file entry36.tsv (TSV, C-alpha atoms)
chain	number	residue	atom	x	y	z
U	177	MET	CA	-3.74	-14.31	5.55
U	178	LEU	CA	-7.44	-13.48	5.31
U	179	HIS	CA	-6.57	-9.79	5.42
U	180	ILE	CA	-4.32	-10.11	2.36
U	181	THR	CA	-6.68	-12.45	0.53
U	182	ARG	CA	-9.49	-9.90	0.63
U	183	ALA	CA	-7.13	-7.23	-0.70
U	184	LEU	CA	-6.07	-9.42	-3.61
U	185	VAL	CA	-9.63	-9.74	-4.84
U	186	VAL	CA	-10.06	-6.01	-5.46
U	187	CYS	CA	-6.61	-4.87	-6.58
U	188	ALA	CA	-5.20	-4.58	-10.05
U	189	ALA	CA	-2.98	-7.42	-11.23
U	190	SER	CA	0.26	-5.42	-11.01
U	191	ALA	CA	-0.58	-4.10	-7.55
U	192	CYS	CA	-1.59	-7.57	-6.36
U	193	ALA	CA	1.66	-9.07	-7.56
U	194	SER	CA	3.63	-6.33	-5.80
U	195	LEU	CA	1.73	-6.76	-2.54
U	196	ALA	CA	1.96	-10.54	-2.59
U	197	ALA	CA	5.72	-10.35	-3.18
U	198	ALA	CA	6.30	-7.80	-0.42
U	199	GLN	CA	8.65	-9.01	2.29
U	200	PRO	CA	8.71	-7.93	5.95
U	201	PHE	CA	11.27	-5.25	6.67
U	202	ASP	CA	12.42	-2.82	9.38
U	203	PHE	CA	13.19	0.88	9.23
U	204	ALA	CA	14.53	3.40	11.76
U	205	LEU	CA	13.14	6.74	12.95
U	206	TRP	CA	15.19	9.39	14.72
U	207	GLY	CA	15.56	13.17	14.96
U	208	ASP	CA	16.02	16.27	17.12
U	209	MET	CA	19.75	15.63	17.63
U	210	PRO	CA	22.56	16.53	18.16
U	211	TYR	CA	21.99	19.64	20.28
U	212	ALA	CA	25.18	21.55	21.10
U	213	LYS	CA	23.61	23.07	24.22
U	214	ASN	CA	23.06	19.54	25.59
U	215	LYS	CA	26.54	18.38	24.57
U	216	ASP	CA	25.13	15.19	23.14
U	217	SER	CA	27.20	14.75	19.97
U	218	GLU	CA	28.68	11.53	21.38
U	219	ALA	CA	25.23	10.25	22.26
U	220	THR	CA	24.06	11.00	18.72
U	221	GLN	CA	27.01	9.09	17.34
U	222	ALA	CA	25.99	6.17	19.54
U	223	VAL	CA	22.52	6.32	17.98
U	224	ILE	CA	24.04	6.25	14.49
U	225	GLN	CA	26.26	3.31	15.40
U	226	SER	CA	23.26	1.47	16.82
U	227	ILE	CA	21.29	2.04	13.60
U	228	ASN	CA	24.29	0.91	11.55
U	229	ARG	CA	24.51	-2.32	13.55
U	230	SER	CA	20.84	-3.05	13.02
U	231	ARG	CA	19.22	-4.73	10.04
U	232	VAL	CA	17.00	-1.81	9.05
U	233	ARG	CA	16.55	-1.13	5.33
U	234	PHE	CA	16.72	2.66	5.78
U	235	SER	CA	16.19	5.44	8.31
U	236	ILE	CA	14.09	8.62	8.33
U	237	TYR	CA	15.20	11.65	10.35
U	238	ASP	CA	12.29	13.89	11.35
U	239	GLY	CA	14.00	17.25	11.69
U	240	ASP	CA	16.05	19.59	13.93
U	241	ILE	CA	19.69	19.09	12.98
U	242	LYS	CA	20.66	21.61	15.69
U	243	ASP	CA	19.24	23.11	18.87
U	244	GLY	CA	16.96	26.13	18.88
U	245	SER	CA	19.40	28.59	20.45
U	246	SER	CA	22.49	28.16	18.26
U	247	LYS	CA	23.37	30.03	15.08
U	248	CYS	CA	22.10	28.99	11.65
U	249	THR	CA	25.50	29.16	10.00
U	250	ASP	CA	26.18	27.42	6.69
U	251	ASN	CA	28.23	24.69	8.32
U	252	ILE	CA	25.27	23.24	10.22
U	253	TYR	CA	23.81	22.01	6.92
U	254	THR	CA	27.04	20.53	5.58
U	255	ASP	CA	27.72	18.96	8.98
U	256	ALA	CA	24.26	17.36	8.85
U	257	VAL	CA	24.96	15.99	5.37
U	258	ALA	CA	28.15	14.40	6.71
U	259	MET	CA	26.20	12.96	9.65
U	260	PHE	CA	23.56	11.41	7.40
U	261	ASN	CA	26.21	10.04	5.06
U	262	SER	CA	27.81	8.20	7.97
U	263	LEU	CA	24.82	5.86	7.94
U	264	LYS	CA	25.44	2.65	6.02
U	265	LYS	CA	21.88	2.41	4.71
U	266	PRO	CA	19.80	5.12	3.01
U	267	ALA	CA	18.94	8.07	5.25
U	268	VAL	CA	15.96	10.30	4.42
U	269	TYR	CA	15.91	13.80	5.91
U	270	VAL	CA	12.80	15.85	6.75
U	271	PRO	CA	13.40	19.51	7.79
U	272	GLY	CA	12.66	20.87	11.25
U	273	ASP	CA	12.08	24.35	12.63
U	274	ASN	CA	15.51	24.86	14.18
U	275	GLU	CA	17.22	24.87	10.78
U	276	TRP	CA	15.06	27.51	9.11
U	277	THR	CA	11.79	28.63	10.77
U	278	ASP	CA	13.53	29.78	13.97
U	279	CYS	CA	16.68	31.23	12.44
U	280	HIS	CA	15.22	34.76	12.81
U	281	ARG	CA	15.86	34.59	16.56
U	282	THR	CA	18.66	36.83	17.76
U	283	ASN	CA	20.40	33.90	19.49
U	284	ASN	CA	20.26	32.04	16.15
U	285	GLY	CA	22.10	34.87	14.44
U	286	GLY	CA	19.09	36.90	13.29
U	287	TYR	CA	18.94	35.29	9.85
U	288	ASN	CA	16.11	35.60	7.38
U	289	GLY	CA	14.29	32.30	7.77
U	290	LEU	CA	13.14	32.17	4.16
U	291	GLU	CA	16.71	32.68	2.93
U	292	ARG	CA	17.81	29.83	5.20
U	293	LEU	CA	15.05	27.62	3.74
U	294	ASP	CA	16.28	28.37	0.22
U	295	HIS	CA	19.84	27.55	1.33
U	296	LEU	CA	18.69	24.31	2.97
U	297	ARG	CA	16.95	23.25	-0.25
U	298	LYS	CA	20.05	23.90	-2.34
U	299	VAL	CA	22.41	22.09	0.04
U	300	MET	CA	20.29	19.15	1.17
U	301	PHE	CA	17.79	18.51	-1.64
U	302	SER	CA	19.87	19.12	-4.75
U	303	GLN	CA	19.27	15.62	-6.08
U	304	PRO	CA	16.37	13.16	-5.93
U	305	ARG	CA	18.16	10.68	-3.71
U	306	SER	CA	18.53	9.94	-0.02
U	307	PHE	CA	21.68	10.41	1.99
U	308	GLY	CA	23.72	7.47	3.30
U	309	GLN	CA	26.60	5.31	2.11
U	310	LYS	CA	23.96	3.41	0.18
U	311	THR	CA	21.32	5.70	-1.32
U	312	MET	CA	17.85	5.24	-2.75
U	313	LYS	CA	15.82	7.22	-5.24
U	314	LEU	CA	13.20	9.66	-3.96
U	315	SER	CA	10.40	11.50	-5.74
U	316	GLN	CA	10.46	15.25	-5.06
U	317	GLN	CA	7.54	17.64	-5.27
U	318	GLY	CA	9.71	20.44	-6.64
U	319	ARG	CA	12.71	20.54	-8.92
U	320	PRO	CA	15.92	19.48	-7.13
U	321	GLY	CA	17.23	22.26	-4.90
U	322	GLU	CA	14.23	24.48	-5.54
U	323	LYS	CA	10.88	25.25	-3.91
U	324	PHE	CA	9.23	22.19	-2.30
U	325	SER	CA	12.08	19.87	-3.27
U	326	GLU	CA	12.20	18.91	0.41
U	327	ASN	CA	8.81	17.19	0.11
U	328	THR	CA	9.71	13.63	-0.88
U	329	ARG	CA	8.15	10.20	-1.11
U	330	PHE	CA	8.96	6.63	-2.03
U	331	ALA	CA	7.29	3.22	-1.94
U	332	HIS	CA	8.82	0.17	-0.33
U	333	ASP	CA	7.38	-3.37	-0.24
U	334	GLY	CA	3.71	-2.43	-0.11
U	335	VAL	CA	4.02	0.79	1.93
U	336	MET	CA	3.98	4.41	0.75
U	337	PHE	CA	6.26	6.88	2.57
U	338	VAL	CA	5.32	10.59	2.38
U	339	ASN	CA	7.58	13.27	3.87
U	340	VAL	CA	6.56	16.92	4.17
U	341	ASN	CA	8.14	20.13	5.40
U	342	MET	CA	5.77	20.99	8.25
U	343	PRO	CA	7.95	22.18	11.13
U	344	GLY	CA	7.43	23.41	14.65
U	345	SER	CA	6.83	27.03	15.59
U	346	ASN	CA	3.30	26.84	14.20
U	347	ASN	CA	4.45	25.78	10.72
U	348	ASN	CA	6.01	29.25	10.18
U	349	LEU	CA	2.66	31.00	10.62
U	350	VAL	CA	3.11	34.27	12.57
U	351	LYS	CA	-0.02	35.17	14.52
U	352	SER	CA	0.78	38.52	16.12
U	353	GLU	CA	3.15	41.46	16.19
U	354	LYS	CA	4.47	40.19	19.52
U	355	ASP	CA	5.28	36.80	18.02
U	356	CYS	CA	6.92	38.55	15.09
U	357	THR	CA	9.45	40.63	16.98
U	358	LYS	CA	9.99	38.89	20.35
U	359	LYS	CA	13.69	37.98	20.70
U	360	SER	CA	13.86	38.32	16.92
U	361	ALA	CA	15.59	40.31	14.22
U	362	ARG	CA	12.39	40.33	12.15
U	363	VAL	CA	10.34	43.33	11.18
U	364	ALA	CA	6.71	43.38	10.06
U	365	ALA	CA	7.59	42.90	6.38
U	366	ASP	CA	9.53	39.74	7.23
U	367	CYS	CA	6.53	38.30	9.04
U	368	ASP	CA	4.22	39.16	6.17
U	369	ALA	CA	6.59	37.27	3.88
U	370	SER	CA	6.63	34.31	6.29
U	371	ASN	CA	2.85	34.15	6.33
U	372	ALA	CA	2.74	34.23	2.53
U	373	GLU	CA	5.32	31.42	2.50
U	374	TYR	CA	3.22	29.45	4.97
U	375	LEU	CA	0.10	29.70	2.82
U	376	GLU	CA	1.88	28.58	-0.33
U	377	ARG	CA	3.76	25.71	1.33
U	378	ASP	CA	0.70	24.54	3.29
U	379	ALA	CA	-1.25	24.23	0.04
U	380	ALA	CA	1.66	22.35	-1.55
U	381	ASN	CA	1.95	20.06	1.48
U	382	ILE	CA	-1.74	19.18	1.29
U	383	GLU	CA	-1.45	18.45	-2.43
U	384	TRP	CA	1.59	16.23	-1.78
U	385	LEU	CA	-0.29	14.41	0.98
U	386	ARG	CA	-3.38	13.82	-1.16
U	387	SER	CA	-1.39	12.63	-4.17
U	388	GLY	CA	0.55	10.23	-1.94
U	389	PHE	CA	-2.68	8.73	-0.66
U	390	THR	CA	-4.02	8.51	-4.22
U	391	ILE	CA	-0.99	6.46	-5.28
U	392	ALA	CA	-1.29	4.27	-2.17
U	393	ARG	CA	-4.95	3.57	-2.87
U	394	THR	CA	-4.34	2.89	-6.55
U	395	MET	CA	-1.51	0.49	-5.80
U	396	LYS	CA	-3.46	-1.07	-2.91
U	397	HIS	CA	-0.65	-0.41	-0.46
U	398	ALA	CA	-1.26	-1.88	2.97
U	399	GLY	CA	0.17	1.11	4.78
U	400	LEU	CA	1.20	4.74	4.49
U	401	VAL	CA	3.87	6.42	6.63
U	402	LEU	CA	3.63	10.21	6.93
U	403	VAL	CA	6.61	12.06	8.41
U	404	PHE	CA	6.94	15.71	9.40
U	405	GLN	CA	8.67	17.52	12.27
U	406	GLY	CA	6.19	19.77	14.08
U	407	ASP	CA	3.91	18.66	16.89
U	408	PRO	CA	0.46	19.83	15.69
U	409	GLY	CA	-0.99	20.01	19.20
U	410	PHE	CA	-1.22	16.40	20.32
U	411	ASP	CA	0.76	16.72	23.52
U	412	LEU	CA	-1.23	19.14	25.61
U	413	PRO	CA	-3.53	17.44	28.14
U	414	GLU	CA	-6.07	15.27	26.36
U	415	THR	CA	-9.54	16.43	27.33
U	416	GLU	CA	-13.02	15.65	26.12
U	417	GLU	CA	-14.16	19.27	26.11
U	418	ASP	CA	-11.18	21.08	24.58
U	419	ASP	CA	-9.46	20.42	21.28
U	420	GLU	CA	-5.95	21.65	21.96
U	421	SER	CA	-5.05	21.56	18.26
U	422	LYS	CA	-7.53	24.42	17.71
U	423	GLN	CA	-5.55	26.80	19.91
U	424	PRO	CA	-3.85	29.73	18.11
U	425	GLN	CA	-0.32	28.35	18.50
U	426	PHE	CA	-1.35	25.33	16.40
U	427	GLU	CA	-3.43	27.08	13.75
U	428	GLY	CA	-0.71	26.52	11.17
U	429	TYR	CA	-1.43	22.79	11.15
U	430	GLN	CA	-5.21	22.73	11.03
U	431	ALA	CA	-5.82	22.65	7.27
U	432	PHE	CA	-3.25	19.91	6.76
U	433	MET	CA	-4.57	17.80	9.63
U	434	LYS	CA	-8.13	18.13	8.29
U	435	ALA	CA	-6.93	16.83	4.93
U	436	LEU	CA	-5.08	13.99	6.66
U	437	VAL	CA	-8.26	12.87	8.44
U	438	GLU	CA	-10.20	12.97	5.17
U	439	GLU	CA	-7.60	10.91	3.33
U	440	THR	CA	-7.20	8.40	6.17
U	441	GLU	CA	-10.95	7.83	6.24
U	442	GLN	CA	-10.81	6.84	2.57
U	443	PHE	CA	-7.76	4.59	2.96
U	444	LYS	CA	-8.27	0.90	3.74
U	445	GLY	CA	-4.77	0.39	5.07
U	446	GLN	CA	-2.95	1.56	8.17
U	447	VAL	CA	-1.51	5.08	8.52
U	448	LEU	CA	1.52	5.76	10.70
U	449	LEU	CA	1.95	9.48	11.46
U	450	VAL	CA	5.49	10.27	12.63
U	451	HIS	CA	6.72	13.57	14.08
U	452	GLY	CA	9.40	14.93	16.39
U	453	ASP	CA	9.65	18.37	18.00
U	454	THR	CA	8.56	17.40	21.55
U	455	HIS	CA	11.46	14.97	22.17
U	456	PHE	CA	9.58	12.27	24.12
U	457	PHE	CA	8.71	8.84	22.74
U	458	LYS	CA	4.97	8.43	22.52
U	459	MET	CA	2.58	6.23	20.57
U	460	ASP	CA	-1.18	6.73	20.58
U	461	LYS	CA	-4.29	7.33	18.51
U	462	PRO	CA	-4.93	11.08	18.97
U	463	LEU	CA	-7.53	11.54	16.23
U	464	TYR	CA	-10.48	12.15	16.25
U	465	SER	CA	-10.65	12.79	20.02
U	466	PRO	CA	-9.68	11.12	23.29
U	467	SER	CA	-12.94	9.14	23.35
U	468	ARG	CA	-13.42	8.53	19.63
U	469	VAL	CA	-10.41	7.30	17.70
U	470	LEU	CA	-9.67	7.25	14.01
U	471	PRO	CA	-9.01	3.51	14.02
U	472	ASN	CA	-6.46	3.14	11.23
U	473	LEU	CA	-4.20	6.05	12.22
U	474	THR	CA	-1.42	5.74	14.81
U	475	ARG	CA	0.76	8.63	15.96
U	476	LEU	CA	4.41	8.00	16.76
U	477	GLN	CA	6.46	10.76	18.40
U	478	THR	CA	10.19	10.09	18.30
U	479	PHE	CA	12.91	10.65	20.87
U	480	GLY	CA	15.01	13.84	20.86
U	481	SER	CA	17.88	15.51	22.68
U	482	PRO	CA	18.85	14.96	25.45
U	483	VAL	CA	16.96	11.65	25.27
U	484	ASN	CA	19.01	10.21	22.42
U	485	HIS	CA	17.51	6.94	21.19
U	486	TRP	CA	15.74	5.71	18.06
U	487	VAL	CA	12.63	3.79	17.11
U	488	LYS	CA	12.50	0.62	15.04
U	489	VAL	CA	9.38	0.00	12.98
U	490	SER	CA	8.82	-3.51	11.66
U	491	VAL	CA	6.56	-3.77	8.62
U	492	ASP	CA	4.58	-6.82	7.53
U	493	VAL	CA	1.88	-6.03	4.98
U	494	LYS	CA	0.40	-9.48	5.50
U	495	SER	CA	-0.61	-8.61	9.05
U	496	PRO	CA	-3.70	-6.49	9.78
U	497	GLU	CA	-1.67	-4.09	11.95
U	498	VAL	CA	1.09	-3.67	9.30
U	499	PHE	CA	3.37	-1.72	11.69
U	500	THR	CA	5.01	-2.98	14.88
U	501	ILE	CA	6.85	-0.28	16.84
U	502	ARG	CA	9.71	-0.74	19.30
U	503	PRO	CA	11.88	1.93	20.96
U	504	VAL	CA	15.58	1.12	20.82
U	505	MET	CA	17.40	2.39	23.90
U	506	VAL	CA	21.03	3.29	23.19
U	507	ARG	CA	23.65	3.16	25.92

call {"tool": "encode", "arguments": {"input": "entry36.tsv", "output": "structure tokens"}}
result
Amino acid sequence: MLHITRALVVCAASACASLAAAQPFDFALWGDMPYAKNKDSEATQAVIQSINRSRVRFSIYDGDIKDGSSKCTDNIYTDAVAMFNSLKKPAVYVPGDNEWTDCHRTNNGGYNGLERLDHLRKVMFSQPRSFGQKTMKLSQQGRPGEKFSENTRFAHDGVMFVNVNMPGSNNNLVKSEKDCTKKSARVAADCDASNAEYLERDAANIEWLRSGFTIARTMKHAGLVLVFQGDPGFDLPETEEDDESKQPQFEGYQAFMKALVEETEQFKGQVLLVHGDTHFFKMDKPLYSPSRVLPNLTRLQTFGSPVNHWVKVSVDVKSPEVFTIRPVMVR
């Protein structure tokens, strides 16, 4: 109660009223499923059924609606829409690399990744609402179905939720000719276009992040949840001497992560950073370094195929921690 009382002294009347009226709630996190190569469609359905039986207010899916070695055909997007709409409560989707960044691979069909991104936006972000049998309104950075429409956000009972398209495979940044053409249908011009896309989207992502934090600070939100798909380099061995996130394969995340640190330092509440991509449940405080943490930021890495489970986050803005995290193991 002391934590909330101090906040009430400094916040505007409307923000105070909203925070004081906020009720505890739960939400679900899941992603990186189903993967055809792992034959886990039934396991994914079990995850959905488990979420539907729970009392969560909504779920957020952090990318990869298919595996990384299957084709990027049009039906994978419509199938994903049907999957999300099988959830009883609102379902928010954040794109992953397997559904656009990696579609250039020959075993993915040799598609143009930027064309697949445009298609994804038109199919899955054509309106400012979530999926699910019950939907909720979302704010979009771009016009529905157009560039950056996949960057969304919403506020819920004293917490700001910010979702950005920052996928695996180095955030679509191509670092070398070898990376460009290995097992790929790309040519140099395609990779030049991908790098231009990366620069534009990275700048948009940072703007979306900063504006989300600005709203959260103005409204005196107790917490901010940031969701994207790519692992920005947290899961290599933690060492005092080496910053693994500075390695070339993670360069595509560095500007965004720098902005995240800056914004978190200026935010009085708790920040929950959520990503997928690596498929193993993990919760830690990876920033600034192994021996010096950024105290109000927690990283949560979600499960993924073939480890098909979900994570329940309980929110109470009247507690100093704000977020309580529990993995939900699905039989």

call {"tool": "residues_around", "arguments": {"input": "entry36.tsv", "residues": "Gln316 in chain U", "least_positions_apart": "5", "cutoff": "8 Å", "atoms": "only C-alpha atoms", "output": "MDAnalysis selection string"}}
result
chainID U and resid 304 324:329

call {"tool": "closest_residue", "arguments": {"input": "entry36.tsv", "among": "U:Leu402, U:Ala379, U:Ala212, U:Ile252", "to": "Val270 in chain U", "atoms": "all atoms listed in the file"}}
result
U:Leu402

call {"tool": "closest_atom_pairs", "arguments": {"input": "entry36.tsv", "of": "range 280-373 of chain U", "to": "range 444-449 of chain U", "cutoff": "12 Å", "atoms": "all atoms listed in the file", "output": "JSON lines"}}
result
{"residue": "U:Gly334", "atom": "CA", "partner": "U:Gly445", "partner_atom": "CA", "distance": 10.3}
{"residue": "U:Val335", "atom": "CA", "partner": "U:Gly445", "partner_atom": "CA", "distance": 9.3}
{"residue": "U:Met336", "atom": "CA", "partner": "U:Val447", "partner_atom": "CA", "distance": 9.5}
{"residue": "U:Phe337", "atom": "CA", "partner": "U:Leu448", "partner_atom": "CA", "distance": 9.5}
{"residue": "U:Val338", "atom": "CA", "partner": "U:Leu449", "partner_atom": "CA", "distance": 9.7}
{"residue": "U:Asn339", "atom": "CA", "partner": "U:Leu449", "partner_atom": "CA", "distance": 10.2}
{"residue": "U:Val340", "atom": "CA", "partner": "U:Leu449", "partner_atom": "CA", "distance": 11.4}

call {"tool": "atom_distance", "arguments": {"input": "entry36.tsv", "atom1": "CA of Met300 in chain U", "atom2": "CA of Cys248 in chain U"}}
result
14.5 Å

call {"tool": "closest_residue", "arguments": {"input": "entry36.tsv", "among": "U:Asp294, U:Val401, U:Val299, U:Cys279", "to": "Ala256 in chain U", "atoms": "all atoms listed in the file"}}
result
U:Val299

call {"tool": "atom_distance", "arguments": {"input": "entry36.tsv", "atom1": "CA of Tyr253 in chain U", "atom2": "CA of Ala331 in chain U"}}
result
26.5 Å

call {"tool": "residues_around", "arguments": {"input": "entry36.tsv", "residues": "Ser302 in chain U", "least_positions_apart": "2", "cutoff": "6 Å", "atoms": "all atoms listed in the file", "output": "PDB file with C-alpha atoms, in the coordinates of the input"}}
result
ATOM      1  CA  LYS U 298      20.050  23.900  -2.340  1.00  0.00           C
ATOM      2  CA  MET U 300      20.290  19.150   1.170  1.00  0.00           C
ATOM      3  CA  PRO U 320      15.920  19.480  -7.130  1.00  0.00           C
ATOM      4  CA  GLY U 321      17.230  22.260  -4.900  1.00  0.00           C
TER       5      GLY U 321
END

call {"tool": "closest_residue", "arguments": {"input": "entry36.tsv", "among": "U:Leu385, U:Val363, U:Val403, U:Val493", "to": "Tyr287 in chain U", "atoms": "all atoms listed in the file"}}
result
U:Val363

call {"tool": "axis_aligned_box", "arguments": {"input": "entry36.tsv", "around": "range 298-312 of chain U", "padding_each_side": "4 Å", "output": "AutoDock Vina command-line options"}}
result
--center_x 21.5 --center_y 13.7 --center_z -1.4 --size_x 18.2 --size_y 28.5 --size_z 17.4

call {"tool": "residues_around", "arguments": {"input": "entry36.tsv", "residues": "Leu375 in chain U", "least_positions_apart": "5", "cutoff": "10 Å", "atoms": "all atoms listed in the file", "output": "ChimeraX atom specification"}}
result
/U:347-349,370,380-381,428

call {"tool": "build_atoms", "arguments": {"input": "entry36.tsv", "residues": "range 289-298 of chain U", "atoms": "all heavy atoms", "output": "tab-separated table (two decimals), in the frame of the given file"}}
result
chain	number	residue	atom	x	y	z
U	289	GLY	N	14.65	33.70	7.80
U	289	GLY	CA	14.29	32.30	7.77
U	289	GLY	C	14.02	31.78	6.37
U	289	GLY	O	14.33	30.62	6.06
U	290	LEU	N	13.45	32.61	5.52
U	290	LEU	CA	13.14	32.17	4.16
U	290	LEU	C	14.42	32.00	3.33
U	290	LEU	O	14.50	31.09	2.50
U	290	LEU	CB	12.18	33.15	3.49
U	290	LEU	CG	10.87	33.40	4.23
U	290	LEU	CD1	9.91	34.21	3.35
U	290	LEU	CD2	10.22	32.10	4.67
U	291	GLU	N	15.41	32.85	3.60
U	291	GLU	CA	16.71	32.68	2.93
U	291	GLU	C	17.37	31.39	3.39
U	291	GLU	O	17.96	30.66	2.57
U	291	GLU	CB	17.61	33.87	3.25
U	291	GLU	CG	18.98	33.83	2.56
U	291	GLU	CD	20.00	32.97	3.29
U	291	GLU	OE1	19.94	32.88	4.53
U	291	GLU	OE2	20.87	32.38	2.60
U	292	ARG	N	17.24	31.07	4.69
U	292	ARG	CA	17.81	29.83	5.20
U	292	ARG	C	17.08	28.62	4.60
U	292	ARG	O	17.70	27.58	4.34
U	292	ARG	CB	17.74	29.78	6.72
U	292	ARG	CG	18.65	30.75	7.45
U	292	ARG	CD	20.14	30.35	7.35
U	292	ARG	NE	20.76	30.74	6.09
U	292	ARG	CZ	22.02	30.43	5.76
U	292	ARG	NH1	22.77	29.73	6.59
U	292	ARG	NH2	22.52	30.83	4.60
U	293	LEU	N	15.79	28.72	4.38
U	293	LEU	CA	15.05	27.62	3.74
U	293	LEU	C	15.54	27.41	2.31
U	293	LEU	O	15.75	26.27	1.87
U	293	LEU	CB	13.55	27.92	3.75
U	293	LEU	CG	12.65	26.91	3.02
U	293	LEU	CD1	12.81	25.50	3.58
U	293	LEU	CD2	11.18	27.35	3.10
U	294	ASP	N	15.74	28.49	1.58
U	294	ASP	CA	16.28	28.37	0.22
U	294	ASP	C	17.65	27.72	0.24
U	294	ASP	O	17.97	26.86	-0.59
U	294	ASP	CB	16.38	29.76	-0.43
U	294	ASP	CG	15.02	30.32	-0.82
U	294	ASP	OD1	14.05	29.54	-0.91
U	294	ASP	OD2	14.93	31.55	-1.03
U	295	HIS	N	18.49	28.13	1.21
U	295	HIS	CA	19.84	27.55	1.33
U	295	HIS	C	19.75	26.06	1.66
U	295	HIS	O	20.47	25.24	1.07
U	295	HIS	CB	20.62	28.30	2.41
U	295	HIS	CG	22.03	27.81	2.57
U	295	HIS	ND1	23.04	28.14	1.69
U	295	HIS	CD2	22.59	27.00	3.51
U	295	HIS	CE1	24.16	27.56	2.09
U	295	HIS	NE2	23.91	26.86	3.19
U	296	LEU	N	18.87	25.71	2.59
U	296	LEU	CA	18.69	24.31	2.97
U	296	LEU	C	18.30	23.47	1.75
U	296	LEU	O	18.81	22.36	1.54
U	296	LEU	CB	17.61	24.22	4.05
U	296	LEU	CG	17.24	22.87	4.65
U	296	LEU	CD1	16.73	23.07	6.07
U	296	LEU	CD2	16.16	22.16	3.84
U	297	ARG	N	17.38	23.99	0.94
U	297	ARG	CA	16.95	23.25	-0.25
U	297	ARG	C	18.11	23.01	-1.21
U	297	ARG	O	18.25	21.91	-1.76
U	297	ARG	CB	15.82	24.02	-0.95
U	297	ARG	CG	14.50	23.96	-0.21
U	297	ARG	CD	13.52	25.00	-0.72
U	297	ARG	NE	12.17	24.78	-0.19
U	297	ARG	CZ	11.21	25.70	-0.16
U	297	ARG	NH1	11.46	26.93	-0.63
U	297	ARG	NH2	10.03	25.41	0.33
U	298	LYS	N	18.94	24.02	-1.40
U	298	LYS	CA	20.05	23.90	-2.34
U	298	LYS	C	21.11	22.92	-1.83
U	298	LYS	O	21.69	22.15	-2.61
U	298	LYS	CB	20.69	25.28	-2.59
U	298	LYS	CG	19.82	26.22	-3.42
U	298	LYS	CD	20.50	27.56	-3.60
U	298	LYS	CE	19.72	28.45	-4.57
U	298	LYS	NZ	18.37	28.79	-4.04
